[in-house]
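Asker: The following block contains the structure, expressed as structure tokens.
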Amino acid sequence: MVRRVAVVAVLALVAVLLPGTVSAATPVRVLQLNICHSGAAGCFTGDEVMARARSVIGQVKPQVLSVNEACSGDVEPLRQAMGAARTKFVAAQRPDGSPVKCANGQDYGNAIMVAEPLAGGAGAGGRYRSQDSGNEKRVWACLPAGRLSACSTHLSARDAGVAFRQCTELMSRAVEYAARAPVVVSGDMNLRYGGSPDVQDCNRSGFYRKGDDAVQHVFATKNLTFVRGQKIDMAGTTDHPAWLVTVDMA
């Protein structure tokens with residue numbers, strides 16, 4: 001009996017010491033940024049936000065990057081700061097379907113990026129069925145079907161009821177993606193936990209939500225184990241902190 005216990009103890013020690021004998025979880029860092037870079041909103045501070053965003057990305061080294069209120073020309077510099085990644089940018093739309101423009105003439109919208117080892121095929125994007133009365137029609141952007149599927153969005157700021165219906169629509173899409181791979185959905189939802197409507201009511205079975213105590217949220221499937229959430233100061237370059245959620249993927 002003593003010998004058996006000793007053998008079991010030795011085998012357990014070997015499993016700890018030898019690499020590859022125990023499967024380890026893969027940490028995935030999801031970084032949510034609203035950079036307010038259109039040039040039209042009051043939170044615009046110029047290109048300082050791009051320098052700050054690149055610095056934060058370099059420090060955090062995210063595997064998933066969600067960017068709201070970006071210009072199309074911002075995508076590649078941010079991707080370079082992240083490293084090898086698949087990207088999808090989707091422009092917000094005018095009522096006639098034409099793209100909303102930044103002050104510099106570039107398309108304005110949302111971007112999602114996933115590091116190449118986790119990324120799948122081509123991205124997808126679209127316009128929500130429910131929209132407020134403003135000239136900016138909100139959209140979603142996703143990169144599905146890799147080891148991880150990821151989406152980014154920026155929901156209605158004029159009408160919380162519309163924002164909630166948009167959130168519900170995107171999360172229904174996320175449930176479909178979850179049949180194939182773990183999923184994260186990140187963005188400026190313009191909805192608060194405990195608000196009316198409550199962003200938590202947008203959640204779906206098999207998912208959980210982590211927010212920045214304001215309007216930025218990350219939803220993740222429960223097969224991505226939550227590790228921590230962290231707000232990162234953007235040094236006055238935008239009106240939102242960076243919101244970092246770290247999960248473990250088996």
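Every chain in the structure tokens has a letter given in the order shown (A, B, ...), and although residue numbers restart at 1 in each chain, ligands are simply numbered from 1 in the order shown.
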Mind running stretch 56-131 of chain A against stretch 171-177 of chain A at 12 Å and telling me each contacting residue's nearest atom pair with the distance in Å (one decimal), counting only C-alpha atoms, chain and number ascending, as CSV?
Answerer:
residue,atom,partner,partner_atom,distance
A:Gly120,CA,A:Tyr177,CA,11.8
A:Ala124,CA,A:Arg173,CA,11.0
A:Gly125,CA,A:Arg173,CA,11.0
A:Gly126,CA,A:Arg173,CA,11.3
A:Tyr128,CA,A:Arg173,CA,11.5
Asker: Take the residues just selected and output them with C-alpha atoms as a PDB file, in the first residue's frame.
Answerer:
ATOM      1  CA  GLY A 120     -11.063  31.670 -38.827  1.00  0.00           C
ATOM      2  CA  ALA A 124     -19.206  39.169 -41.535  1.00  0.00           C
ATOM      3  CA  GLY A 125     -21.074  42.375 -40.818  1.00  0.00           C
ATOM      4  CA  GLY A 126     -24.454  43.987 -41.150  1.00  0.00           C
ATOM      5  CA  TYR A 128     -29.399  46.036 -37.268  1.00  0.00           C
TER       6      TYR A 128
END
Asker: I need the residues of stretch 75-224 of chain A that end up classed as helix (DSSP H, G or I) by DSSP on the backbone, written out as a ChimeraX atom specification.
Answerer: /A:75-82,160-178,199-202
Asker: Could you list, as a ChimeraX atom specification, every residue within 8 Å of A:Ser38, counting only C-alpha atoms and ignoring same-chain residues fewer than 2 positions away?
Answerer: /A:36,40-41,44,69-71,101-104,108
Asker: Neighbouring residues of A:Ala53 were defined as those with any atom within 8 Å, considering only C-alpha atoms; residues of the same chain fewer than 2 positions away were excluded. Please report them as a PDB file with C-alpha atoms, in the first residue's frame.
Answerer:
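Output file selection.pdb follows:
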ATOM      1  CA  LEU A  33     -11.630  50.394 -27.133  1.00  0.00           C
ATOM      2  CA  ILE A  35     -11.434  55.721 -29.576  1.00  0.00           C
ATOM      3  CA  VAL A  49      -5.892  58.733 -29.176  1.00  0.00           C
ATOM      4  CA  MET A  50      -4.198  56.617 -31.844  1.00  0.00           C
ATOM      5  CA  ALA A  51      -0.834  56.943 -30.135  1.00  0.00           C
ATOM      6  CA  SER A  55       0.652  52.004 -26.664  1.00  0.00           C
ATOM      7  CA  VAL A  56      -2.075  50.172 -24.719  1.00  0.00           C
ATOM      8  CA  ILE A  57      -2.298  47.447 -27.360  1.00  0.00           C
ATOM      9  CA  LEU A  78      -3.909  49.283 -34.742  1.00  0.00           C
ATOM     10  CA  MET A 234      -6.671  56.348 -21.901  1.00  0.00           C
TER      11      MET A 234
END
Asker: Calculated over only C-alpha atoms, which of the candidates A:Ser133, A:Thr168, A:Asn223, A:Thr237 has the smallest distance to A:Arg204?
Answerer: A:Thr168
Asker: Quick one: distance from atom CA of A:His154 to atom CA of A:Gln131 in Å, one decimal?
Answerer: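 Answer for the atom CA of A:His154 to atom CA of A:Gln131 separation: 12.1 Å.
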Asker: Please, what distance in Å, to one decimal, runs between atom CA of A:Lys210 and atom CA of A:Trp243?
Answerer: 9.7 Å
Asker: Quick one: residues within 8 Å of A:Gln166, only C-alpha atoms, excluding same-chain residues fewer than 3 positions away - as a list in words?
Answerer: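 Surrounding residues, per the criterion: Tyr128, Arg129, Ser130, Gln131, Leu155, Ser156, Val162, Ala163, Glu169 and Leu170 of chain A.
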Asker: Using only C-alpha atoms, which residues sit within 10 Å of A:Met82 once same-chain residues fewer than 6 positions away are excluded, as a list in words?
Answerer: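 Within the cut-off, the hits are Arg54, Ser55, Val56, Ile57, Gly58, Gln59, Val60, Lys61, Pro62, Gln63, Val64, Leu65, Glu76, Met113, Val114 and Ala115 of chain A.
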Asker: Identify, on the basis of only C-alpha atoms, every residue whose closest approach to A:Val90 does not exceed 8 Å; exclude the query and any residue fewer than 5 positions from it along the same chain; express the result as a PyMOL selection string.
Answerer: chain A and resi 109-111+125-126+139-141
Asker: One decimal, in Å: what's the spacing between atom CA of A:Ser149 and atom CA of A:Glu116?
Answerer: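 If I compute the distance from atom CA of A:Ser149 to atom CA of A:Glu116, I get 12.0 Å.
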Asker: Restricting the calculation to only C-alpha atoms: of A:Phe207, A:Gly83, A:Gly73, A:Arg127, which residue gets closest to A:Gly97?
Answerer: A:Arg127
